[in-house]
$ cat model.cif   # mmCIF, C-alpha atoms
data_work
#
loop_
_atom_site.group_PDB
_atom_site.id
_atom_site.type_symbol
_atom_site.label_atom_id
_atom_site.label_comp_id
_atom_site.auth_asym_id
_atom_site.auth_seq_id
_atom_site.Cartn_x
_atom_site.Cartn_y
_atom_site.Cartn_z
ATOM 1 C CA MET A 2 -159.209 -125.715 20.906
ATOM 2 C CA SER A 3 -160.622 -126.760 24.286
ATOM 3 C CA ILE A 4 -164.055 -125.929 25.680
ATOM 4 C CA ARG A 5 -164.109 -124.600 29.225
ATOM 5 C CA PRO A 6 -166.189 -126.849 31.491
ATOM 6 C CA VAL A 7 -168.413 -125.319 34.157
ATOM 7 C CA LYS A 8 -166.737 -125.382 37.560
ATOM 8 C CA GLN A 9 -169.551 -123.811 39.570
ATOM 9 C CA LEU A 10 -173.175 -122.918 38.866
ATOM 10 C CA SER A 11 -175.123 -120.899 41.432
ATOM 11 C CA GLN A 12 -177.844 -118.311 41.961
ATOM 12 C CA ALA A 13 -177.145 -114.776 43.188
ATOM 13 C CA GLU A 14 -178.253 -114.298 46.792
ATOM 14 C CA PRO A 15 -180.469 -111.403 47.944
ATOM 15 C CA THR A 16 -178.668 -109.073 50.334
ATOM 16 C CA VAL A 17 -178.791 -105.502 51.642
ATOM 17 C CA GLU A 18 -175.887 -103.065 51.326
ATOM 18 C CA GLY A 19 -175.168 -99.374 51.789
ATOM 19 C CA ALA A 20 -177.946 -97.520 53.580
ATOM 20 C CA GLY A 21 -180.509 -100.183 52.719
ATOM 21 C CA VAL A 22 -180.143 -101.014 49.034
ATOM 22 C CA ARG A 23 -181.656 -104.394 48.150
ATOM 23 C CA LEU A 24 -179.533 -106.245 45.613
ATOM 24 C CA ASP A 25 -178.424 -109.709 44.546
ATOM 25 C CA ARG A 26 -174.847 -110.886 45.193
ATOM 26 C CA ALA A 27 -173.416 -113.444 42.781
ATOM 27 C CA PHE A 28 -170.208 -113.798 44.809
ATOM 28 C CA GLY A 29 -168.234 -111.886 47.408
ATOM 29 C CA PHE A 30 -166.758 -112.048 50.909
ATOM 30 C CA GLY A 31 -166.036 -115.744 50.421
ATOM 31 C CA ASP A 32 -163.093 -117.608 48.940
ATOM 32 C CA PRO A 33 -160.985 -114.984 47.077
ATOM 33 C CA LYS A 34 -159.602 -117.742 44.832
ATOM 34 C CA LEU A 35 -163.047 -118.466 43.291
ATOM 35 C CA ALA A 36 -162.710 -115.906 40.480
ATOM 36 C CA ASP A 37 -159.253 -114.390 41.169
ATOM 37 C CA PRO A 38 -158.601 -111.488 40.430
ATOM 38 C CA PHE A 39 -162.301 -110.660 40.929
ATOM 39 C CA LEU A 40 -163.574 -110.443 44.488
ATOM 40 C CA LEU A 41 -167.243 -109.471 44.393
ATOM 41 C CA PHE A 42 -170.096 -109.097 41.922
ATOM 42 C CA ASP A 43 -173.414 -107.407 42.735
ATOM 43 C CA ASP A 44 -176.553 -107.041 40.624
ATOM 44 C CA PHE A 45 -178.506 -104.003 41.854
ATOM 45 C CA ARG A 46 -181.863 -104.268 40.106
ATOM 46 C CA ASN A 47 -185.087 -102.792 41.432
ATOM 47 C CA GLU A 48 -188.398 -101.353 40.311
ATOM 48 C CA ARG A 49 -189.258 -99.959 43.759
ATOM 49 C CA PRO A 50 -187.437 -96.693 44.586
ATOM 50 C CA GLU A 51 -187.738 -97.412 48.309
ATOM 51 C CA ASP A 52 -185.455 -100.423 47.762
ATOM 52 C CA TYR A 53 -182.545 -98.378 46.369
ATOM 53 C CA ARG A 54 -182.902 -94.622 46.883
ATOM 54 C CA ALA A 55 -180.990 -94.564 50.213
ATOM 55 C CA GLY A 56 -177.952 -95.506 48.137
ATOM 56 C CA PHE A 57 -174.370 -96.022 49.233
ATOM 57 C CA PRO A 58 -173.337 -93.003 51.356
ATOM 58 C CA TRP A 59 -169.709 -92.051 51.990
ATOM 59 C CA HIS A 60 -167.461 -95.099 52.403
ATOM 60 C CA PRO A 61 -163.763 -95.934 51.866
ATOM 61 C CA HIS A 62 -161.973 -98.127 49.338
ATOM 62 C CA ARG A 63 -158.317 -99.170 49.194
ATOM 63 C CA GLY A 64 -156.401 -101.830 47.277
ATOM 64 C CA ILE A 65 -159.073 -102.630 44.671
ATOM 65 C CA GLU A 66 -160.811 -101.399 41.539
ATOM 66 C CA THR A 67 -164.594 -101.071 41.270
ATOM 67 C CA ILE A 68 -166.396 -101.389 37.941
ATOM 68 C CA THR A 69 -169.940 -100.011 37.706
ATOM 69 C CA TYR A 70 -172.069 -100.756 34.626
ATOM 70 C CA VAL A 71 -175.511 -99.123 34.456
ATOM 71 C CA LEU A 72 -178.332 -100.540 32.314
ATOM 72 C CA ALA A 73 -181.330 -98.509 33.519
ATOM 73 C CA GLY A 74 -181.687 -95.393 35.637
ATOM 74 C CA SER A 75 -178.560 -93.557 36.741
ATOM 75 C CA VAL A 76 -175.979 -93.436 39.535
ATOM 76 C CA ASP A 77 -174.776 -90.090 40.920
ATOM 77 C CA HIS A 78 -171.299 -90.248 42.429
ATOM 78 C CA ALA A 79 -168.898 -87.982 44.320
ATOM 79 C CA ASP A 80 -165.590 -88.529 46.100
ATOM 80 C CA SER A 81 -163.048 -87.085 48.510
ATOM 81 C CA LEU A 82 -160.841 -85.903 45.620
ATOM 82 C CA GLY A 83 -163.466 -83.489 44.354
ATOM 83 C CA ASN A 84 -164.779 -85.633 41.506
ATOM 84 C CA ALA A 85 -168.527 -85.767 40.869
ATOM 85 C CA GLY A 86 -170.773 -86.919 38.058
ATOM 86 C CA SER A 87 -173.568 -89.209 36.945
ATOM 87 C CA LEU A 88 -173.607 -92.540 35.127
ATOM 88 C CA GLY A 89 -176.557 -93.054 32.799
ATOM 89 C CA ALA A 90 -177.971 -96.105 31.036
ATOM 90 C CA GLY A 91 -175.219 -97.933 29.165
ATOM 91 C CA ASP A 92 -172.400 -95.999 30.878
ATOM 92 C CA VAL A 93 -169.439 -97.551 32.699
ATOM 93 C CA GLN A 94 -167.161 -96.283 35.456
ATOM 94 C CA TRP A 95 -163.885 -98.001 36.283
ATOM 95 C CA MET A 96 -162.543 -96.616 39.574
ATOM 96 C CA THR A 97 -159.046 -97.511 40.736
ATOM 97 C CA ALA A 98 -159.141 -96.909 44.493
ATOM 98 C CA GLY A 99 -155.414 -97.578 44.883
ATOM 99 C CA SER A 100 -154.015 -95.980 48.047
ATOM 100 C CA GLY A 101 -157.442 -94.861 49.190
ATOM 101 C CA ILE A 102 -160.537 -92.892 48.355
ATOM 102 C CA LEU A 103 -163.798 -91.975 50.062
ATOM 103 C CA HIS A 104 -166.832 -91.854 47.796
ATOM 104 C CA GLN A 105 -170.583 -92.208 47.593
ATOM 105 C CA GLU A 106 -172.937 -93.666 44.979
ATOM 106 C CA MET A 107 -176.601 -92.705 44.889
ATOM 107 C CA PRO A 108 -178.862 -94.636 42.463
ATOM 108 C CA GLN A 109 -181.694 -92.843 40.680
ATOM 109 C CA GLY A 110 -184.498 -94.626 38.817
ATOM 110 C CA ASP A 111 -185.681 -93.937 35.292
ATOM 111 C CA GLN A 112 -189.098 -92.387 34.552
ATOM 112 C CA ALA A 113 -190.757 -95.688 35.486
ATOM 113 C CA GLY A 114 -188.765 -95.932 38.736
ATOM 114 C CA ARG A 115 -186.551 -98.741 37.467
ATOM 115 C CA MET A 116 -182.894 -99.053 38.436
ATOM 116 C CA HIS A 117 -180.506 -101.686 37.112
ATOM 117 C CA GLY A 118 -176.758 -101.950 37.206
ATOM 118 C CA PHE A 119 -173.829 -104.137 38.178
ATOM 119 C CA GLN A 120 -170.767 -103.603 40.321
ATOM 120 C CA LEU A 121 -167.659 -105.761 40.082
ATOM 121 C CA TRP A 122 -164.644 -105.549 42.398
ATOM 122 C CA ALA A 123 -161.234 -106.414 40.954
ATOM 123 C CA ASN A 124 -158.262 -106.970 43.242
ATOM 124 C CA LEU A 125 -155.016 -105.077 42.757
ATOM 125 C CA PRO A 126 -151.623 -106.813 42.988
ATOM 126 C CA SER A 127 -149.347 -105.749 45.848
ATOM 127 C CA SER A 128 -147.291 -103.580 43.467
ATOM 128 C CA HIS A 129 -150.409 -101.503 42.653
ATOM 129 C CA LYS A 130 -152.205 -101.448 46.017
ATOM 130 C CA MET A 131 -150.940 -97.968 46.910
ATOM 131 C CA THR A 132 -151.058 -96.420 43.461
ATOM 132 C CA GLN A 133 -152.734 -93.050 42.962
ATOM 133 C CA PRO A 134 -156.528 -93.248 42.630
ATOM 134 C CA ARG A 135 -158.082 -92.568 39.222
ATOM 135 C CA TYR A 136 -161.353 -92.778 37.331
ATOM 136 C CA GLN A 137 -162.281 -93.826 33.832
ATOM 137 C CA ASP A 138 -165.817 -92.683 33.029
ATOM 138 C CA VAL A 139 -167.103 -94.093 29.746
ATOM 139 C CA LYS A 140 -170.315 -93.026 28.027
ATOM 140 C CA ALA A 141 -172.523 -95.624 26.344
ATOM 141 C CA ALA A 142 -171.776 -94.258 22.862
ATOM 142 C CA GLU A 143 -168.046 -94.901 23.367
ATOM 143 C CA ILE A 144 -168.491 -98.645 23.919
ATOM 144 C CA PRO A 145 -168.203 -100.568 20.633
ATOM 145 C CA GLU A 146 -170.930 -103.069 19.772
ATOM 146 C CA ILE A 147 -170.410 -105.924 17.333
ATOM 147 C CA VAL A 148 -173.278 -107.734 15.596
ATOM 148 C CA ASP A 149 -172.380 -111.130 14.152
ATOM 149 C CA ASP A 150 -174.066 -112.736 11.133
ATOM 150 C CA ASP A 151 -176.349 -114.867 13.334
ATOM 151 C CA GLY A 152 -177.595 -111.857 15.298
ATOM 152 C CA THR A 153 -175.294 -112.268 18.304
ATOM 153 C CA ARG A 154 -174.496 -108.853 19.807
ATOM 154 C CA VAL A 155 -171.437 -108.091 21.942
ATOM 155 C CA ARG A 156 -170.630 -104.797 23.694
ATOM 156 C CA VAL A 157 -166.885 -104.637 24.375
ATOM 157 C CA VAL A 158 -166.436 -102.692 27.621
ATOM 158 C CA VAL A 159 -162.864 -103.756 28.315
ATOM 159 C CA GLY A 160 -160.313 -105.773 26.378
ATOM 160 C CA GLU A 161 -160.281 -106.962 22.782
ATOM 161 C CA PHE A 162 -162.904 -109.099 21.093
ATOM 162 C CA TRP A 163 -163.614 -109.890 17.434
ATOM 163 C CA GLY A 164 -161.229 -107.130 16.322
ATOM 164 C CA LYS A 165 -162.696 -104.400 18.545
ATOM 165 C CA SER A 166 -161.141 -102.852 21.660
ATOM 166 C CA GLY A 167 -163.039 -101.517 24.656
ATOM 167 C CA PRO A 168 -162.447 -97.904 25.770
ATOM 168 C CA VAL A 169 -161.199 -98.723 29.308
ATOM 169 C CA ASP A 170 -157.444 -99.318 29.515
ATOM 170 C CA GLY A 171 -154.457 -99.558 31.859
ATOM 171 C CA ILE A 172 -156.132 -102.036 34.240
ATOM 172 C CA ALA A 173 -153.842 -104.226 36.352
ATOM 173 C CA ALA A 174 -155.833 -107.451 35.809
ATOM 174 C CA ASP A 175 -155.820 -106.925 32.008
ATOM 175 C CA PRO A 176 -159.479 -107.970 32.000
ATOM 176 C CA GLN A 177 -162.049 -108.651 29.332
ATOM 177 C CA TYR A 178 -165.585 -107.455 30.121
ATOM 178 C CA LEU A 179 -168.270 -108.247 27.535
ATOM 179 C CA ASP A 180 -172.042 -107.776 27.445
ATOM 180 C CA VAL A 181 -173.302 -110.616 25.206
ATOM 181 C CA TRP A 182 -176.715 -111.342 23.659
ATOM 182 C CA VAL A 183 -177.238 -114.641 21.802
ATOM 183 C CA PRO A 184 -180.537 -115.003 19.869
ATOM 184 C CA PRO A 185 -183.078 -117.764 20.617
ATOM 185 C CA GLY A 186 -181.881 -121.293 19.873
ATOM 186 C CA ARG A 187 -178.417 -120.240 18.728
ATOM 187 C CA ARG A 188 -175.246 -122.033 19.768
ATOM 188 C CA LYS A 189 -172.244 -119.723 20.050
ATOM 189 C CA VAL A 190 -168.541 -120.322 20.636
ATOM 190 C CA LEU A 191 -166.711 -117.417 22.283
ATOM 191 C CA PRO A 192 -162.904 -117.280 22.660
ATOM 192 C CA VAL A 193 -161.415 -116.731 26.130
ATOM 193 C CA ASP A 194 -157.699 -116.619 26.942
ATOM 194 C CA THR A 195 -156.631 -119.967 28.417
ATOM 195 C CA TYR A 196 -154.687 -118.400 31.281
ATOM 196 C CA ARG A 197 -157.462 -116.172 32.579
ATOM 197 C CA SER A 198 -160.081 -116.812 35.236
ATOM 198 C CA ALA A 199 -163.525 -116.447 33.676
ATOM 199 C CA PHE A 200 -167.179 -116.277 34.694
ATOM 200 C CA ALA A 201 -170.523 -115.489 33.104
ATOM 201 C CA TYR A 202 -173.496 -113.835 34.766
ATOM 202 C CA ILE A 203 -176.892 -114.374 33.127
ATOM 203 C CA PHE A 204 -179.401 -111.551 33.522
ATOM 204 C CA GLU A 205 -181.890 -112.142 30.697
ATOM 205 C CA GLY A 206 -183.293 -115.275 29.078
ATOM 206 C CA SER A 207 -181.964 -118.795 29.561
ATOM 207 C CA GLY A 208 -179.403 -121.227 28.236
ATOM 208 C CA THR A 209 -176.577 -123.564 29.078
ATOM 209 C CA PHE A 210 -172.793 -123.328 29.028
ATOM 210 C CA ARG A 211 -172.256 -127.095 29.123
ATOM 211 C CA ASP A 212 -172.013 -127.622 25.347
ATOM 212 C CA ALA A 213 -175.308 -129.517 25.486
ATOM 213 C CA SER A 214 -177.862 -129.556 22.697
ATOM 214 C CA ARG A 215 -180.731 -128.647 25.027
ATOM 215 C CA PRO A 216 -180.759 -125.690 27.452
ATOM 216 C CA PHE A 217 -181.441 -126.410 31.085
ATOM 217 C CA GLY A 218 -181.606 -124.256 34.172
ATOM 218 C CA VAL A 219 -180.130 -124.322 37.636
ATOM 219 C CA LEU A 220 -181.368 -126.991 40.063
ATOM 220 C CA LEU A 221 -183.207 -125.088 42.785
ATOM 221 C CA GLU A 222 -185.395 -125.735 45.808
ATOM 222 C CA LYS A 223 -188.821 -124.104 45.495
ATOM 223 C CA GLU A 224 -192.091 -124.328 47.366
ATOM 224 C CA VAL A 225 -194.924 -125.812 45.283
ATOM 225 C CA ASP A 226 -198.326 -126.379 46.921
ATOM 226 C CA GLY A 227 -196.714 -126.048 50.331
ATOM 227 C CA ARG A 228 -193.972 -128.601 49.633
ATOM 228 C CA GLU A 229 -190.254 -128.105 48.973
ATOM 229 C CA VAL A 230 -189.386 -129.598 45.574
ATOM 230 C CA HIS A 231 -186.309 -129.631 43.358
ATOM 231 C CA LEU A 232 -186.754 -128.352 39.828
ATOM 232 C CA ARG A 233 -184.840 -126.781 36.979
ATOM 233 C CA ASP A 234 -185.253 -122.995 36.820
ATOM 234 C CA MET A 235 -185.361 -122.280 33.111
ATOM 235 C CA SER A 236 -185.181 -118.497 33.499
ATOM 236 C CA GLY A 237 -181.407 -118.471 33.929
ATOM 237 C CA ASP A 238 -181.815 -114.993 35.402
ATOM 238 C CA ARG A 239 -179.288 -114.057 38.111
ATOM 239 C CA THR A 240 -177.237 -117.192 37.474
ATOM 240 C CA LEU A 241 -173.457 -117.221 37.986
ATOM 241 C CA VAL A 242 -171.383 -119.609 35.875
ATOM 242 C CA VAL A 243 -167.717 -120.018 36.892
ATOM 243 C CA PHE A 244 -165.560 -121.728 34.284
ATOM 244 C CA ASP A 245 -162.591 -124.064 34.540
ATOM 245 C CA THR A 246 -159.644 -123.822 32.144
ATOM 246 C CA GLY A 247 -159.853 -123.831 28.354
ATOM 247 C CA ASP A 248 -159.772 -121.369 25.478
ATOM 248 C CA GLU A 249 -163.444 -121.371 24.420
ATOM 249 C CA VAL A 250 -166.805 -120.847 26.088
ATOM 250 C CA VAL A 251 -169.804 -122.484 24.410
ATOM 251 C CA VAL A 252 -173.316 -121.178 25.057
ATOM 252 C CA GLN A 253 -176.595 -122.632 23.815
ATOM 253 C CA ALA A 254 -179.375 -120.047 24.000
ATOM 254 C CA GLY A 255 -182.875 -120.985 25.139
ATOM 255 C CA GLU A 256 -186.179 -120.160 23.482
ATOM 256 C CA ASN A 257 -186.043 -116.501 24.551
ATOM 257 C CA GLY A 258 -182.356 -116.012 23.833
ATOM 258 C CA ILE A 259 -179.783 -115.292 26.513
ATOM 259 C CA ARG A 260 -177.975 -112.147 27.672
ATOM 260 C CA PHE A 261 -175.025 -112.329 30.010
ATOM 261 C CA LEU A 262 -171.813 -110.646 31.064
ATOM 262 C CA LEU A 263 -168.658 -112.597 30.194
ATOM 263 C CA VAL A 264 -165.748 -111.469 32.367
ATOM 264 C CA SER A 265 -162.177 -112.751 32.507
ATOM 265 C CA GLY A 266 -158.876 -111.581 33.964
ATOM 266 C CA LYS A 267 -155.363 -112.652 34.908
ATOM 267 C CA PRO A 268 -155.209 -114.282 38.361
ATOM 268 C CA ILE A 269 -153.059 -112.429 40.883
ATOM 269 C CA ARG A 270 -152.418 -115.417 43.185
ATOM 270 C CA GLU A 271 -151.364 -113.330 46.193
ATOM 271 C CA PRO A 272 -152.475 -113.471 49.840
ATOM 272 C CA VAL A 273 -155.678 -111.549 50.550
ATOM 273 C CA ALA A 274 -156.423 -109.697 53.800
ATOM 274 C CA TRP A 275 -159.937 -108.370 53.362
ATOM 275 C CA HIS A 276 -162.426 -106.425 55.429
ATOM 276 C CA GLY A 277 -165.303 -104.734 53.636
ATOM 277 C CA PRO A 278 -164.124 -102.361 50.887
ATOM 278 C CA ILE A 279 -160.452 -102.495 51.929
ATOM 279 C CA VAL A 280 -158.370 -105.323 50.488
ATOM 280 C CA MET A 281 -154.684 -105.712 51.292
ATOM 281 C CA ASN A 282 -152.155 -108.576 51.349
ATOM 282 C CA THR A 283 -151.514 -108.882 55.089
ATOM 283 C CA ARG A 284 -153.467 -108.342 58.282
ATOM 284 C CA ALA A 285 -150.897 -105.737 59.361
ATOM 285 C CA GLU A 286 -151.588 -103.708 56.188
ATOM 286 C CA LEU A 287 -155.308 -104.047 56.782
ATOM 287 C CA MET A 288 -155.031 -102.839 60.383
ATOM 288 C CA GLN A 289 -152.854 -99.942 59.227
ATOM 289 C CA ALA A 290 -155.524 -98.894 56.741
ATOM 290 C CA PHE A 291 -158.248 -98.817 59.406
ATOM 291 C CA SER A 292 -155.930 -97.000 61.802
ATOM 292 C CA GLU A 293 -155.408 -94.307 59.151
ATOM 293 C CA LEU A 294 -159.139 -94.179 58.494
ATOM 294 C CA ASN A 295 -159.823 -93.540 62.184
ATOM 295 C CA ALA A 296 -157.019 -90.954 62.398
ATOM 296 C CA GLY A 297 -158.176 -89.032 59.340
ATOM 297 C CA THR A 298 -154.981 -89.795 57.377
ATOM 298 C CA PHE A 299 -156.486 -92.377 55.003
ATOM 299 C CA ILE A 300 -156.280 -90.118 51.934
ATOM 300 C CA ARG A 301 -152.611 -89.889 50.961
ATOM 301 C CA GLU A 302 -150.971 -86.524 50.285
ATOM 302 C CA GLY A 303 -150.665 -86.036 46.555
ATOM 303 C CA ALA A 304 -153.848 -87.984 45.855
ATOM 304 C CA ALA A 305 -156.122 -85.145 46.969
ATOM 305 C CA ARG A 306 -156.772 -82.095 44.832
#
$ encode --input "model.cif" --output "structure tokens"
Amino acid sequence: MSIRPVKQLSQAEPTVEGAGVRLDRAFGFGDPKLADPFLLFDDFRNERPEDYRAGFPWHPHRGIETITYVLAGSVDHADSLGNAGSLGAGDVQWMTAGSGILHQEMPQGDQAGRMHGFQLWANLPSSHKMTQPRYQDVKAAEIPEIVDDDGTRVRVVVGEFWGKSGPVDGIAADPQYLDVWVPPGRRKVLPVDTYRSAFAYIFEGSGTFRDASRPFGVLLEKEVDGREVHLRDMSGDRTLVVFDTGDEVVVQAGENGIRFLLVSGKPIREPVAWHGPIVMNTRAELMQAFSELNAGTFIREGAAR
């Protein structure tokens, strides 16, 4: 058994998307090989409705899959195929855009005004780029949760883990998507397929994935008494951990425990031509997609209802 070393450790960057939604981007619109087959990961977390209520009005997708996981509040969605619904706390939506879809996502806060969710973009191989769009909407109660003897909890959204299978299936990247909580001070070894790309995203507590005996945070620049200093951020919150190869991930939880998403998938290793929410293999395919969008022929016959 070989422990996966950490290849990259970084903080999510604040950004604005949609019609003015403030969120934090762990990765995206950079090197598509970083986490192949995954292209983008956003953490949309707010307690101020004015920072999210404008939402993500009508926009296109082609050539990718989008995975939305809601922790607090809800997300109302609708699309050009006539689908509409709402994702509540704990729910997941896996949307295969395939040949093309127009949709909108409008976040709604809970009773306290809080909104929290994640969106992950997974690339599609060339053989699936123009497949028919489809949705898999999964309610929180359908997602299995495993509690280990030491108190570690794992929600299995996609893939197989500790004898349980997630409810989402038929995904090109054959991914594993886990929501993991490790109690304070615990050291946990989690299996990950050797041939998959893998990353973790910490959103509660602190810890380390370096197989060390003592947790430590990310080295950051902060202003203290008017001076820029380097220090270790022990929170771990909004930290992206990209792993190198191996078949195990080791996490040492800090004094408040640690909660993170652990995501892995089979690399596609194909050329990427990418502009916004449209991801193809060549520039010619990309230009064709935008030409169709401008001509009103983006939605393929047979995909619409």
$ resolve_selection --input "model.cif" --expression "the PyMOL selection byres ((chain A and resi 188-198) around 8)" --output "list in words"
Ala36, Asp37, Pro38, Val183, Gly186, Arg187, Ala199, Phe200, Phe244, Asp245, Thr246, Gly247, Asp248, Glu249, Val250, Val251, Val252, Gln253, Ala254, Ser265, Gly266, Lys267 and Pro268 of chain A
$ closest_residue --input "model.cif" --among "A:Arg5, A:Arg26, A:Arg270, A:Lys34" --to "Ser127 in chain A" --atoms "all atoms listed in the file"
A:Arg270
$ resolve_selection --input "model.cif" --expression "the PyMOL selection byres ((chain A and resi 99) around 12)" --output "short mmCIF file (atom, residue, chain, number, x, y, z; two decimals) with C-alpha atoms, keeping the file's coordinate frame"
data_model
loop_
_atom_site.label_atom_id
_atom_site.label_comp_id
_atom_site.auth_asym_id
_atom_site.auth_seq_id
_atom_site.Cartn_x
_atom_site.Cartn_y
_atom_site.Cartn_z
CA PRO A 61 -163.76 -95.93 51.87
CA HIS A 62 -161.97 -98.13 49.34
CA ARG A 63 -158.32 -99.17 49.19
CA GLY A 64 -156.40 -101.83 47.28
CA ILE A 65 -159.07 -102.63 44.67
CA GLU A 66 -160.81 -101.40 41.54
CA THR A 67 -164.59 -101.07 41.27
CA MET A 96 -162.54 -96.62 39.57
CA THR A 97 -159.05 -97.51 40.74
CA ALA A 98 -159.14 -96.91 44.49
CA SER A 100 -154.01 -95.98 48.05
CA GLY A 101 -157.44 -94.86 49.19
CA ILE A 102 -160.54 -92.89 48.36
CA LEU A 103 -163.80 -91.98 50.06
CA ALA A 123 -161.23 -106.41 40.95
CA ASN A 124 -158.26 -106.97 43.24
CA LEU A 125 -155.02 -105.08 42.76
CA PRO A 126 -151.62 -106.81 42.99
CA SER A 127 -149.35 -105.75 45.85
CA SER A 128 -147.29 -103.58 43.47
CA HIS A 129 -150.41 -101.50 42.65
CA LYS A 130 -152.21 -101.45 46.02
CA MET A 131 -150.94 -97.97 46.91
CA THR A 132 -151.06 -96.42 43.46
CA GLN A 133 -152.73 -93.05 42.96
CA PRO A 134 -156.53 -93.25 42.63
CA ARG A 135 -158.08 -92.57 39.22
CA TYR A 136 -161.35 -92.78 37.33
CA ILE A 172 -156.13 -102.04 34.24
CA ALA A 173 -153.84 -104.23 36.35
CA PRO A 278 -164.12 -102.36 50.89
CA ILE A 279 -160.45 -102.50 51.93
CA VAL A 280 -158.37 -105.32 50.49
CA MET A 281 -154.68 -105.71 51.29
CA ALA A 290 -155.52 -98.89 56.74
CA PHE A 299 -156.49 -92.38 55.00
CA ILE A 300 -156.28 -90.12 51.93
CA ARG A 301 -152.61 -89.89 50.96
CA ALA A 304 -153.85 -87.98 45.86
#
$ closest_residue --input "model.cif" --among "A:Glu14, A:Gly114, A:Glu106, A:Leu72" --to "Phe57 in chain A" --atoms "only C-alpha atoms"
A:Glu106
$ atom_distance --input "model.cif" --atom1 "CA of Phe119 in chain A" --atom2 "CA of Lys140 in chain A"
15.5 Å
$ atom_distance --input "model.cif" --atom1 "CA of Gly160 in chain A" --atom2 "CA of Phe42 in chain A"
18.7 Å
$ closest_residue --input "model.cif" --among "A:Ala13, A:Glu143, A:Ala55, A:Gly167" --to "Leu41 in chain A" --atoms "all atoms listed in the file"
A:Ala13
$ atom_distance --input "model.cif" --atom1 "CA of Glu18 in chain A" --atom2 "CA of Gln177 in chain A"
26.6 Å
$ residues_around --input "model.cif" --residues "Gln109 in chain A" --least-positions-apart "5" --cutoff "12 Å" --atoms "only C-alpha atoms" --output "PyMOL selection string"
chain A and resi 22+45-57+71-78+87-90+114-118
$ residues_around --input "model.cif" --residues "Thr16 in chain A" --least-positions-apart "2" --cutoff "6 Å" --atoms "only C-alpha atoms" --output "PyMOL selection string"
chain A and resi 23-25
$ resolve_selection --input "model.cif" --expression "the PyMOL selection byres ((chain A and resi 156) around 7)" --output "list in words"
Ile144, Pro145, Glu146, Ile147, Arg154, Val155, Val157, Val158, Leu179, Asp180 and Val181 of chain A
$ build_atoms --input "model.cif" --residues "range 37-47 of chain A" --atoms "N, CA, C and O atoms" --output "PDB file, in the coordinates of the input"
ATOM      1  N   ASP A  37    -160.459-115.223  41.148  1.00  0.00           N
ATOM      2  CA  ASP A  37    -159.253-114.390  41.169  1.00  0.00           C
ATOM      3  C   ASP A  37    -158.897-113.933  39.746  1.00  0.00           C
ATOM      4  O   ASP A  37    -158.773-114.771  38.846  1.00  0.00           O
ATOM      5  N   PRO A  38    -158.803-112.603  39.503  1.00  0.00           N
ATOM      6  CA  PRO A  38    -158.601-111.488  40.430  1.00  0.00           C
ATOM      7  C   PRO A  38    -159.879-110.785  40.880  1.00  0.00           C
ATOM      8  O   PRO A  38    -159.800-109.708  41.495  1.00  0.00           O
ATOM      9  N   PHE A  39    -161.055-111.326  40.583  1.00  0.00           N
ATOM     10  CA  PHE A  39    -162.301-110.660  40.929  1.00  0.00           C
ATOM     11  C   PHE A  39    -162.782-111.132  42.298  1.00  0.00           C
ATOM     12  O   PHE A  39    -162.736-112.315  42.612  1.00  0.00           O
ATOM     13  N   LEU A  40    -163.255-110.177  43.097  1.00  0.00           N
ATOM     14  CA  LEU A  40    -163.574-110.443  44.488  1.00  0.00           C
ATOM     15  C   LEU A  40    -165.067-110.455  44.791  1.00  0.00           C
ATOM     16  O   LEU A  40    -165.515-111.158  45.698  1.00  0.00           O
ATOM     17  N   LEU A  41    -165.830-109.647  44.060  1.00  0.00           N
ATOM     18  CA  LEU A  41    -167.243-109.471  44.393  1.00  0.00           C
ATOM     19  C   LEU A  41    -167.992-109.052  43.143  1.00  0.00           C
ATOM     20  O   LEU A  41    -167.461-108.311  42.298  1.00  0.00           O
ATOM     21  N   PHE A  42    -169.244-109.523  43.030  1.00  0.00           N
ATOM     22  CA  PHE A  42    -170.096-109.097  41.922  1.00  0.00           C
ATOM     23  C   PHE A  42    -171.514-108.935  42.431  1.00  0.00           C
ATOM     24  O   PHE A  42    -172.118-109.890  42.942  1.00  0.00           O
ATOM     25  N   ASP A  43    -172.063-107.716  42.294  1.00  0.00           N
ATOM     26  CA  ASP A  43    -173.414-107.407  42.735  1.00  0.00           C
ATOM     27  C   ASP A  43    -174.280-106.978  41.562  1.00  0.00           C
ATOM     28  O   ASP A  43    -173.832-106.261  40.660  1.00  0.00           O
ATOM     29  N   ASP A  44    -175.532-107.414  41.592  1.00  0.00           N
ATOM     30  CA  ASP A  44    -176.553-107.041  40.624  1.00  0.00           C
ATOM     31  C   ASP A  44    -177.565-106.186  41.382  1.00  0.00           C
ATOM     32  O   ASP A  44    -178.330-106.699  42.194  1.00  0.00           O
ATOM     33  N   PHE A  45    -177.541-104.856  41.162  1.00  0.00           N
ATOM     34  CA  PHE A  45    -178.506-104.003  41.854  1.00  0.00           C
ATOM     35  C   PHE A  45    -179.621-103.649  40.864  1.00  0.00           C
ATOM     36  O   PHE A  45    -179.473-102.851  39.969  1.00  0.00           O
ATOM     37  N   ARG A  46    -180.744-104.339  41.041  1.00  0.00           N
ATOM     38  CA  ARG A  46    -181.863-104.268  40.106  1.00  0.00           C
ATOM     39  C   ARG A  46    -183.154-104.133  40.891  1.00  0.00           C
ATOM     40  O   ARG A  46    -183.501-105.004  41.683  1.00  0.00           O
ATOM     41  N   ASN A  47    -183.865-103.035  40.683  1.00  0.00           N
ATOM     42  CA  ASN A  47    -185.087-102.792  41.432  1.00  0.00           C
ATOM     43  C   ASN A  47    -186.076-101.987  40.604  1.00  0.00           C
ATOM     44  O   ASN A  47    -185.684-101.189  39.751  1.00  0.00           O
TER      45      ASN A  47
END
